[in-house]
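Read through the structure below, which is laid out as structure tokens, and then see the notes.
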Amino acid sequence: MTNLNEELNVIETVELTIANPKVGTIINCSDPANGEDQKPVPVVTVGSDLYSVAKVTFDNDERDQVYWRDYATLCYYDDVIVEKDKKYTVFGKIVAAEGYRFYDPINLIVNGEELFPDATEDYSLAGDEFCFYADVDSASE
């Protein structure tokens, strides 16, 4: 059996830019335990073509698999109004391009700041996807 590190190219660092939610924005979803219809969807931009934000389909609509989610309760935000000078948590899934896998633990940089390794979880067995949590500040109105 060949080692995964020998079979695939390894990505050691992932860089993401997450747009700050605007003050006054209302975040809603019909099922806070699921979150798939949550709106608005956080805007996440990846820093390389070696990985991307995973996609999910809900009601025949494809969307990025990123959500506003409470890290402590694991509930998706519902009926939350973005307030000034507060932090909001984004949860999402990143997937590697074909022929690549992620180093575990990945060096995750969000909005220019490196996050602690516990900000990532649920690496797939093949190492080609993982989930992350990141806090972002609210943006001015």
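Every chain in the structure tokens takes a letter, A first, then B, and so on in the order presented; its residues are numbered from 1, and the ligands are numbered from 1 following the presented order.
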Quiz item: Can you list, as a PyMOL selection string, every protein, DNA or RNA residue that comes within 12 Å of stretch 107-120 of chain A when you count only C-alpha atoms, leaving out same-chain residues fewer than 3 positions away?
Solution: chain A and resi 10-20+44-47+71+89-94+102-104+123-124+129-137
Self-check item: Exercise: A:Ala96 partners within 9 Å, only C-alpha atoms, chain neighbours under 5 positions left out, as a VMD selection string
Solution: chain A and resid 11 49 to 53 101 to 102 127 to 129
Residues from the last selection, N, CA and C atoms, saved as a PDB file, in the first residue's frame:
ATOM      1  N   ILE A  11      -1.431  19.946   0.272  1.00  0.00           N
ATOM      2  CA  ILE A  11      -1.644  21.376   0.520  1.00  0.00           C
ATOM      3  C   ILE A  11      -1.452  21.598   2.014  1.00  0.00           C
ATOM      4  N   ASP A  49      -6.373  28.099  -6.632  1.00  0.00           N
ATOM      5  CA  ASP A  49      -7.208  27.205  -7.434  1.00  0.00           C
ATOM      6  C   ASP A  49      -6.984  25.737  -7.062  1.00  0.00           C
ATOM      7  N   LEU A  50      -6.166  25.497  -6.014  1.00  0.00           N
ATOM      8  CA  LEU A  50      -5.922  24.131  -5.543  1.00  0.00           C
ATOM      9  C   LEU A  50      -7.022  23.640  -4.598  1.00  0.00           C
ATOM     10  N   TYR A  51      -7.923  24.523  -4.196  1.00  0.00           N
ATOM     11  CA  TYR A  51      -9.032  24.160  -3.317  1.00  0.00           C
ATOM     12  C   TYR A  51     -10.189  25.124  -3.545  1.00  0.00           C
ATOM     13  N   SER A  52     -11.367  24.723  -3.066  1.00  0.00           N
ATOM     14  CA  SER A  52     -12.560  25.552  -3.251  1.00  0.00           C
ATOM     15  C   SER A  52     -13.522  25.316  -2.098  1.00  0.00           C
ATOM     16  N   VAL A  53     -14.535  26.162  -2.045  1.00  0.00           N
ATOM     17  CA  VAL A  53     -15.611  25.974  -1.075  1.00  0.00           C
ATOM     18  C   VAL A  53     -16.512  24.870  -1.623  1.00  0.00           C
ATOM     19  N   ARG A 101      -4.494  16.712  -1.605  1.00  0.00           N
ATOM     20  CA  ARG A 101      -5.088  16.437  -0.298  1.00  0.00           C
ATOM     21  C   ARG A 101      -4.541  17.465   0.677  1.00  0.00           C
ATOM     22  N   PHE A 102      -5.204  17.603   1.813  1.00  0.00           N
ATOM     23  CA  PHE A 102      -4.791  18.570   2.820  1.00  0.00           C
ATOM     24  C   PHE A 102      -3.916  17.924   3.875  1.00  0.00           C
ATOM     25  N   GLY A 127      -8.482  12.783   2.995  1.00  0.00           N
ATOM     26  CA  GLY A 127      -7.776  14.036   3.245  1.00  0.00           C
ATOM     27  C   GLY A 127      -8.078  15.130   2.241  1.00  0.00           C
ATOM     28  N   ASP A 128      -9.137  14.944   1.447  1.00  0.00           N
ATOM     29  CA  ASP A 128      -9.422  15.921   0.392  1.00  0.00           C
ATOM     30  C   ASP A 128     -10.486  16.951   0.772  1.00  0.00           C
ATOM     31  N   GLU A 129     -10.937  16.947   2.023  1.00  0.00           N
ATOM     32  CA  GLU A 129     -11.863  17.974   2.484  1.00  0.00           C
ATOM     33  C   GLU A 129     -11.782  18.095   4.001  1.00  0.00           C
TER      34      GLU A 129
END
Exercise. Could you tell me which of A:Asp70, A:Lys22, A:Gln38, A:Leu8 comes closest to A:Glu83 if we count only C-alpha atoms?
Key: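 Among A:Asp70, A:Lys22, A:Gln38, A:Leu8, it is A:Lys22 that comes nearest to A:Glu83.
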Practice problem: Within chain A, find each residue whose DSSP state, derived from the backbone, is strand (DSSP E), and express the selection as a ChimeraX atom specification. | Solution: /A:9-18,26-27,44-46,51-53,55-58,61-64,66-68,80-81,87-96,100-110,113-114,120-121,129-137
Practice problem: List every residue of chain A that DSSP, applied to the backbone of this structure, places in alpha helix (DSSP H), and write the result as a PyMOL selection string. | Solution: chain A and resi 4-7
How would the residues just picked look written out with all heavy atoms as a PDB file, in the first residue's frame?
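File produced: selection_8.pdb:
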ATOM      1  N   LEU A   4      -0.423   8.021   1.387  1.00  0.00           N
ATOM      2  CA  LEU A   4      -1.167   9.109   0.758  1.00  0.00           C
ATOM      3  C   LEU A   4      -0.260  10.277   0.398  1.00  0.00           C
ATOM      4  O   LEU A   4      -0.457  10.943  -0.605  1.00  0.00           O
ATOM      5  CB  LEU A   4      -2.283   9.611   1.690  1.00  0.00           C
ATOM      6  CG  LEU A   4      -3.614   8.898   1.618  1.00  0.00           C
ATOM      7  CD1 LEU A   4      -4.577   9.480   2.634  1.00  0.00           C
ATOM      8  CD2 LEU A   4      -4.216   8.951   0.239  1.00  0.00           C
ATOM      9  N   ASN A   5       0.745  10.555   1.215  1.00  0.00           N
ATOM     10  CA  ASN A   5       1.651  11.657   0.928  1.00  0.00           C
ATOM     11  C   ASN A   5       2.421  11.434  -0.368  1.00  0.00           C
ATOM     12  O   ASN A   5       2.833  12.368  -1.021  1.00  0.00           O
ATOM     13  CB  ASN A   5       2.645  11.868   2.081  1.00  0.00           C
ATOM     14  CG  ASN A   5       1.988  12.496   3.276  1.00  0.00           C
ATOM     15  OD1 ASN A   5       1.029  13.249   3.141  1.00  0.00           O
ATOM     16  ND2 ASN A   5       2.489  12.183   4.452  1.00  0.00           N
ATOM     17  N   GLU A   6       2.631  10.176  -0.743  1.00  0.00           N
ATOM     18  CA  GLU A   6       3.348   9.869  -1.970  1.00  0.00           C
ATOM     19  C   GLU A   6       2.426   9.886  -3.189  1.00  0.00           C
ATOM     20  O   GLU A   6       2.859  10.156  -4.291  1.00  0.00           O
ATOM     21  CB  GLU A   6       4.022   8.505  -1.840  1.00  0.00           C
ATOM     22  CG  GLU A   6       5.094   8.480  -0.764  1.00  0.00           C
ATOM     23  CD  GLU A   6       5.594   7.076  -0.477  1.00  0.00           C
ATOM     24  OE1 GLU A   6       5.172   6.118  -1.157  1.00  0.00           O
ATOM     25  OE2 GLU A   6       6.403   6.930   0.450  1.00  0.00           O
ATOM     26  N   GLU A   7       1.149   9.602  -2.986  1.00  0.00           N
ATOM     27  CA  GLU A   7       0.200   9.526  -4.086  1.00  0.00           C
ATOM     28  C   GLU A   7      -0.296  10.886  -4.547  1.00  0.00           C
ATOM     29  O   GLU A   7      -0.503  11.105  -5.727  1.00  0.00           O
ATOM     30  CB  GLU A   7      -1.030   8.708  -3.680  1.00  0.00           C
ATOM     31  CG  GLU A   7      -0.762   7.250  -3.482  1.00  0.00           C
ATOM     32  CD  GLU A   7      -2.005   6.528  -3.024  1.00  0.00           C
ATOM     33  OE1 GLU A   7      -3.103   7.075  -3.122  1.00  0.00           O
ATOM     34  OE2 GLU A   7      -1.857   5.398  -2.552  1.00  0.00           O
TER      35      GLU A   7
END
Please provide the set of residues having any atom within 10 Å of A:Ala33, restricted to only C-alpha atoms, with same-chain residues fewer than 4 positions apart removed, written as a PDB file with all heavy atoms, in the first residue's frame.
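Saved file around_28.pdb follows:
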ATOM      1  N   CYS A  29     -33.049  31.176   8.891  1.00  0.00           N
ATOM      2  CA  CYS A  29     -33.191  29.842   8.305  1.00  0.00           C
ATOM      3  C   CYS A  29     -34.392  29.185   8.968  1.00  0.00           C
ATOM      4  O   CYS A  29     -34.756  29.510  10.097  1.00  0.00           O
ATOM      5  CB  CYS A  29     -31.926  29.006   8.444  1.00  0.00           C
ATOM      6  SG  CYS A  29     -31.555  28.414  10.080  1.00  0.00           S
ATOM      7  N   ARG A  69     -22.985  29.995  12.074  1.00  0.00           N
ATOM      8  CA  ARG A  69     -23.282  28.913  13.017  1.00  0.00           C
ATOM      9  C   ARG A  69     -22.617  29.177  14.362  1.00  0.00           C
ATOM     10  O   ARG A  69     -21.459  29.591  14.420  1.00  0.00           O
ATOM     11  CB  ARG A  69     -22.761  27.600  12.454  1.00  0.00           C
ATOM     12  CG  ARG A  69     -23.165  26.376  13.224  1.00  0.00           C
ATOM     13  CD  ARG A  69     -22.679  25.134  12.519  1.00  0.00           C
ATOM     14  NE  ARG A  69     -23.209  23.936  13.126  1.00  0.00           N
ATOM     15  CZ  ARG A  69     -22.779  22.719  12.865  1.00  0.00           C
ATOM     16  NH1 ARG A  69     -21.815  22.529  11.988  1.00  0.00           N
ATOM     17  NH2 ARG A  69     -23.308  21.685  13.452  1.00  0.00           N
ATOM     18  N   THR A  73     -23.122  25.901  20.505  1.00  0.00           N
ATOM     19  CA  THR A  73     -24.362  25.121  20.475  1.00  0.00           C
ATOM     20  C   THR A  73     -24.505  24.274  19.210  1.00  0.00           C
ATOM     21  O   THR A  73     -25.364  23.400  19.157  1.00  0.00           O
ATOM     22  CB  THR A  73     -25.588  26.042  20.556  1.00  0.00           C
ATOM     23  OG1 THR A  73     -25.648  26.846  19.353  1.00  0.00           O
ATOM     24  CG2 THR A  73     -25.548  26.928  21.791  1.00  0.00           C
ATOM     25  N   LEU A  74     -23.689  24.578  18.192  1.00  0.00           N
ATOM     26  CA  LEU A  74     -23.759  23.944  16.875  1.00  0.00           C
ATOM     27  C   LEU A  74     -25.058  24.246  16.137  1.00  0.00           C
ATOM     28  O   LEU A  74     -25.368  23.619  15.125  1.00  0.00           O
ATOM     29  CB  LEU A  74     -23.527  22.430  16.961  1.00  0.00           C
ATOM     30  CG  LEU A  74     -22.197  22.011  17.559  1.00  0.00           C
ATOM     31  CD1 LEU A  74     -22.065  20.491  17.536  1.00  0.00           C
ATOM     32  CD2 LEU A  74     -21.019  22.654  16.843  1.00  0.00           C
ATOM     33  N   CYS A  75     -25.829  25.222  16.611  1.00  0.00           N
ATOM     34  CA  CYS A  75     -27.046  25.657  15.922  1.00  0.00           C
ATOM     35  C   CYS A  75     -26.701  26.712  14.883  1.00  0.00           C
ATOM     36  O   CYS A  75     -25.821  27.543  15.098  1.00  0.00           O
ATOM     37  CB  CYS A  75     -28.062  26.223  16.915  1.00  0.00           C
ATOM     38  SG  CYS A  75     -28.796  24.976  17.973  1.00  0.00           S
ATOM     39  N   TYR A  76     -27.409  26.657  13.777  1.00  0.00           N
ATOM     40  CA  TYR A  76     -27.234  27.654  12.731  1.00  0.00           C
ATOM     41  C   TYR A  76     -28.001  28.911  13.126  1.00  0.00           C
ATOM     42  O   TYR A  76     -29.089  28.816  13.701  1.00  0.00           O
ATOM     43  CB  TYR A  76     -27.737  27.112  11.395  1.00  0.00           C
ATOM     44  CG  TYR A  76     -26.934  25.918  10.944  1.00  0.00           C
ATOM     45  CD1 TYR A  76     -27.272  24.633  11.356  1.00  0.00           C
ATOM     46  CD2 TYR A  76     -25.822  26.071  10.144  1.00  0.00           C
ATOM     47  CE1 TYR A  76     -26.512  23.535  10.963  1.00  0.00           C
ATOM     48  CE2 TYR A  76     -25.063  24.987   9.743  1.00  0.00           C
ATOM     49  CZ  TYR A  76     -25.420  23.724  10.167  1.00  0.00           C
ATOM     50  OH  TYR A  76     -24.664  22.649   9.785  1.00  0.00           O
ATOM     51  N   TYR A  77     -27.433  30.070  12.818  1.00  0.00           N
ATOM     52  CA  TYR A  77     -28.098  31.321  13.179  1.00  0.00           C
ATOM     53  C   TYR A  77     -29.469  31.388  12.522  1.00  0.00           C
ATOM     54  O   TYR A  77     -29.626  31.075  11.342  1.00  0.00           O
ATOM     55  CB  TYR A  77     -27.298  32.526  12.709  1.00  0.00           C
ATOM     56  CG  TYR A  77     -25.971  32.775  13.376  1.00  0.00           C
ATOM     57  CD1 TYR A  77     -25.394  31.877  14.259  1.00  0.00           C
ATOM     58  CD2 TYR A  77     -25.268  33.929  13.096  1.00  0.00           C
ATOM     59  CE1 TYR A  77     -24.166  32.140  14.847  1.00  0.00           C
ATOM     60  CE2 TYR A  77     -24.039  34.201  13.675  1.00  0.00           C
ATOM     61  CZ  TYR A  77     -23.498  33.302  14.551  1.00  0.00           C
ATOM     62  OH  TYR A  77     -22.278  33.562  15.122  1.00  0.00           O
ATOM     63  N   ASP A  78     -30.446  31.837  13.294  1.00  0.00           N
ATOM     64  CA  ASP A  78     -31.785  32.082  12.780  1.00  0.00           C
ATOM     65  C   ASP A  78     -32.342  33.294  13.503  1.00  0.00           C
ATOM     66  O   ASP A  78     -32.225  33.405  14.725  1.00  0.00           O
ATOM     67  CB  ASP A  78     -32.700  30.873  13.004  1.00  0.00           C
ATOM     68  CG  ASP A  78     -34.114  31.139  12.520  1.00  0.00           C
ATOM     69  OD1 ASP A  78     -34.267  31.762  11.444  1.00  0.00           O
ATOM     70  OD2 ASP A  78     -35.063  30.740  13.217  1.00  0.00           O
TER      71      ASP A  78
END
Quiz item: Between atom CA of A:Asp79 and atom CA of A:Glu121, what is the spacing in Å?
Solution: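 Interatomic distance here is 26.6 Å.
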Quiz item: What's the 8 Å shell around A:Val82, counting only C-alpha atoms, without same-chain residues fewer than 4 positions away, as a ChimeraX atom specification?
Solution: /A:21-27,86,138
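What separates atom CA of A:Asn28 from atom CA of A:Val43 is a distance of 15.5 Å.
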Quiz item: Which neighbours of A:Arg63 fall inside 9 Å, counting only C-alpha atoms, when residues of the same chain fewer than 5 positions from it are skipped, and could you give them as a list in words?
Solution: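 The filter keeps Glu36, Val41, Ala54, Lys55, Val56, Thr57 and Phe58 of chain A.
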Could you save the residues just selected, with C-alpha atoms, as a PDB file, in the first residue's frame?
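Final output, selection.pdb:
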ATOM      1  CA  GLU A  36     -29.340  24.505   4.464  1.00  0.00           C
ATOM      2  CA  VAL A  41     -24.925  32.863   2.704  1.00  0.00           C
ATOM      3  CA  ALA A  54     -17.768  22.831  -1.196  1.00  0.00           C
ATOM      4  CA  LYS A  55     -21.194  23.107  -2.815  1.00  0.00           C
ATOM      5  CA  VAL A  56     -24.525  21.813  -1.559  1.00  0.00           C
ATOM      6  CA  THR A  57     -27.918  21.656  -3.279  1.00  0.00           C
ATOM      7  CA  PHE A  58     -31.076  22.628  -1.406  1.00  0.00           C
TER       8      PHE A  58
END
Quiz item: How many Å lie between atom CA of A:Val66 and atom CA of A:Pro32, rounded to one decimal?
Solution: 13.8 Å
